[in-house]
Every structure is written in C-alpha cells, then in structure tokens.
Amino acid sequence: MRQLELLLSPETHPPARRRAAEARCHVVDGGEVIAYLLKRSDRRSIGLTVDLDGLHVAAPRRAPLGAIEAFILANRKWVLRKMREWTRYRETLPRPWRIGDPLPFVGAPLATRFAPALRGARRAEGVLEVGPLPPTAVVDWLKAEALPLFAARAAHHAARLGVGMPSLGLSNAETRWGTCTESGRVTLNWKLVHFRLEVIDYVVVHELAHLIELNHSQRFWDIVAAALPDHAAAKKELRTGLRHLPAL
C-alpha cells in the first residue's frame, strides 16, 4: 500500500511511545541502486513516500528487511517514476544566491562584490557591496529600497485613479504579491523589487483598484485595464519570472 503521511510533532504522541528508529539503506534493482530512509515505528503496514529528499519507507518495528525490500521492488515502477519527477523538479529550483552573482533589481542585473569590512550591504558606483552576513544583509537592503520605490509608484497611480494614498507595508508572503484590506491598507511583497517597473506597477494598480472595487469583478478589471492597458503582459511576466528569482 502506498501512503502519504503527515508527520505529527513529538508533542502529539503519548510520552511512553518510543521514537521511530531511522536508518539509511539501499536495495539493488538489477543494476540500479535505490537508496531510501527507513523509519520503523509501531505501525502495522509498510508505507512509501517520495519527496525532494528521496524515498522514505515507514515500516513496523519487527518487519524483516527482506520483506521491506520486496515491497519496494514490487512498487519499483512507481518509486522510480516519482524519483524522476522529483529530480526534474529539483533541477528547476534556483541555486542559492552567492556574493558575486548578479542580483535582479528593478528588472536589471545588479553586480555584487564582497566587502569584508562592511556590516550589511550598500550600493556604490553601480555595484552592491555585501558584508560577511548574506543573504540577510541583501534582503534587508532590498527591503529598504523596495518600500520608498513602492510608495512612489503607489502615490503616482493613486492620483491617476482618484483614490487616497493608502497605508503601505511590505510582506514576506509565499503565495501573494499584494493584499488590500477593507480599511485601505495595502501590503506588497518585497520580492517585487526584483521585477521591472511595469510589473511592479501592475501589482500596485491591482491593489489600488481594490480601494474602488474590493473584488475581482469585471468592473475591477476594467479599472486595471484603463490604468494599465498592457497589464496582461505584466501579469504573465510575474508568473513566469517567479521561478527565476534568486534564492536568498
């Protein structure tokens, strides 16, 4: 039986329950080695899970290793297919950003260099100098640059839309580029600062339009289109560009 499991925190288990034993193992399928992490517990059946870290096998404490390996091999087509899928996904992930790598800033690459005596980060002569504590210093610098830039664009478009300048803040949201509350507070994701100005403007206008229509009705989209006729291109760039952002 293949099984996906949500692992509970230790606090949810009875105090007397023993911790699951873990071991790194492998099984040979023809000439191919399938590595896996084996976790034994008080469960009654064997379960297989494949994720970014590879194959995980959950098994009863007394299950013979031969029976576990036979179960893996009986499901090897599914296991290998899932492992290939995760390998392809891993290849799409951005590698961690390093000092010396260009940093996308308002749609253009910003050169970076190491400055060992510097605390934090600063821009000098068109280069971002970074001290010994990235990526925190880089994120702090980007946020400091983002807020006044977003505020300037919000003021510009608020005047065009005939709405008041909202209270503006930054977010670290994983799934949202911006939000607008009924009270009129607009929050923008600081990572927008990586994108060109037209894309930033799209998100700003999108949220400001909610000050008029707090929904996604046709009237809302008409307001966005009137302010930014080419907003569809910016919206598409926002989606496709997400996967190319630096992993800070």
# chains A, B, ... in the order shown; residues from 1 in each chain; ligands from 1

$ residues_around --residues "Leu133 in chain A" --least-positions-apart "3" --cutoff "8 Å" --atoms "only C-alpha atoms" --output "PyMOL selection string"
chain A and resi 119-120+130+136-137

$ write_last_selection --atoms "N, CA, C and O atoms" --output "PDB file, in the first residue's frame"
ATOM      1  N   ARG A 119      29.501  46.043   7.290  1.00  0.00           N
ATOM      2  CA  ARG A 119      28.394  45.416   8.004  1.00  0.00           C
ATOM      3  C   ARG A 119      27.120  45.722   7.229  1.00  0.00           C
ATOM      4  O   ARG A 119      26.719  46.869   7.096  1.00  0.00           O
ATOM      5  N   GLY A 120      26.490  44.701   6.687  1.00  0.00           N
ATOM      6  CA  GLY A 120      25.295  44.905   5.885  1.00  0.00           C
ATOM      7  C   GLY A 120      25.621  44.964   4.406  1.00  0.00           C
ATOM      8  O   GLY A 120      26.523  44.269   3.915  1.00  0.00           O
ATOM      9  N   VAL A 130      28.576  43.744  -0.367  1.00  0.00           N
ATOM     10  CA  VAL A 130      27.917  42.926   0.653  1.00  0.00           C
ATOM     11  C   VAL A 130      28.935  42.475   1.681  1.00  0.00           C
ATOM     12  O   VAL A 130      30.016  41.976   1.328  1.00  0.00           O
ATOM     13  N   THR A 136      21.058  37.706   4.615  1.00  0.00           N
ATOM     14  CA  THR A 136      20.267  38.619   5.439  1.00  0.00           C
ATOM     15  C   THR A 136      20.526  40.067   5.076  1.00  0.00           C
ATOM     16  O   THR A 136      19.599  40.872   4.944  1.00  0.00           O
ATOM     17  N   ALA A 137      21.795  40.413   4.887  1.00  0.00           N
ATOM     18  CA  ALA A 137      22.135  41.793   4.558  1.00  0.00           C
ATOM     19  C   ALA A 137      21.544  42.201   3.218  1.00  0.00           C
ATOM     20  O   ALA A 137      21.099  43.343   3.047  1.00  0.00           O
TER      21      ALA A 137
END

$ residues_around --residues "Val106 in chain A" --least-positions-apart "6" --cutoff "7 Å" --atoms "only C-alpha atoms" --output "list in words"
Val193, His194, Phe195, Arg196 and Leu197 of chain A

$ write_last_selection --atoms "N, CA, C and O atoms" --output "compact mmCIF listing (two decimals), in the first residue's frame"
# COMPACT_ATOMS: atom_id res chain seq x y z
N VAL A 193 10.56 43.91 -5.93
CA VAL A 193 11.65 44.82 -6.29
C VAL A 193 12.61 44.18 -7.29
O VAL A 193 13.40 44.87 -7.93
N HIS A 194 12.55 42.86 -7.45
CA HIS A 194 13.37 42.19 -8.46
C HIS A 194 12.88 42.48 -9.88
O HIS A 194 13.65 42.40 -10.84
N PHE A 195 11.59 42.80 -10.03
CA PHE A 195 10.97 42.90 -11.35
C PHE A 195 11.09 44.32 -11.92
O PHE A 195 11.28 45.29 -11.18
N ARG A 196 10.91 44.41 -13.24
CA ARG A 196 10.95 45.72 -13.88
C ARG A 196 9.77 46.56 -13.42
O ARG A 196 8.77 46.06 -12.88
N LEU A 197 9.87 47.86 -13.67
CA LEU A 197 8.91 48.81 -13.12
C LEU A 197 7.49 48.55 -13.60
O LEU A 197 6.53 48.72 -12.84

$ closest_residue --among "A:Ala158, A:Asp101, A:Val224, A:Glu85" --to "Val50 in chain A" --atoms "only C-alpha atoms"
A:Glu85

$ closest_residue --among "A:Gly162, A:Pro135, A:Leu48, A:Ser171" --to "Pro96 in chain A" --atoms "only C-alpha atoms"
A:Pro135

$ select_by_dssp --residues "range 63-202 of chain A" --states "alpha helix (DSSP H)" --output "ChimeraX atom specification"
/A:65-74,76-92,136-161,197-202

$ closest_residue --among "A:Arg62, A:Arg76, A:Lys39, A:Arg90" --to "Val27 in chain A" --atoms "only C-alpha atoms"
A:Arg76

$ atom_distance --atom1 "CA of Asp230 in chain A" --atom2 "CA of Leu149 in chain A"
21.0 Å

$ residues_around --residues "Ala35 in chain A" --least-positions-apart "5" --cutoff "9 Å" --atoms "only C-alpha atoms" --output "list in words"
Arg24, Cys25, His26, Val27, Val28, Gly54 and Leu55 of chain A
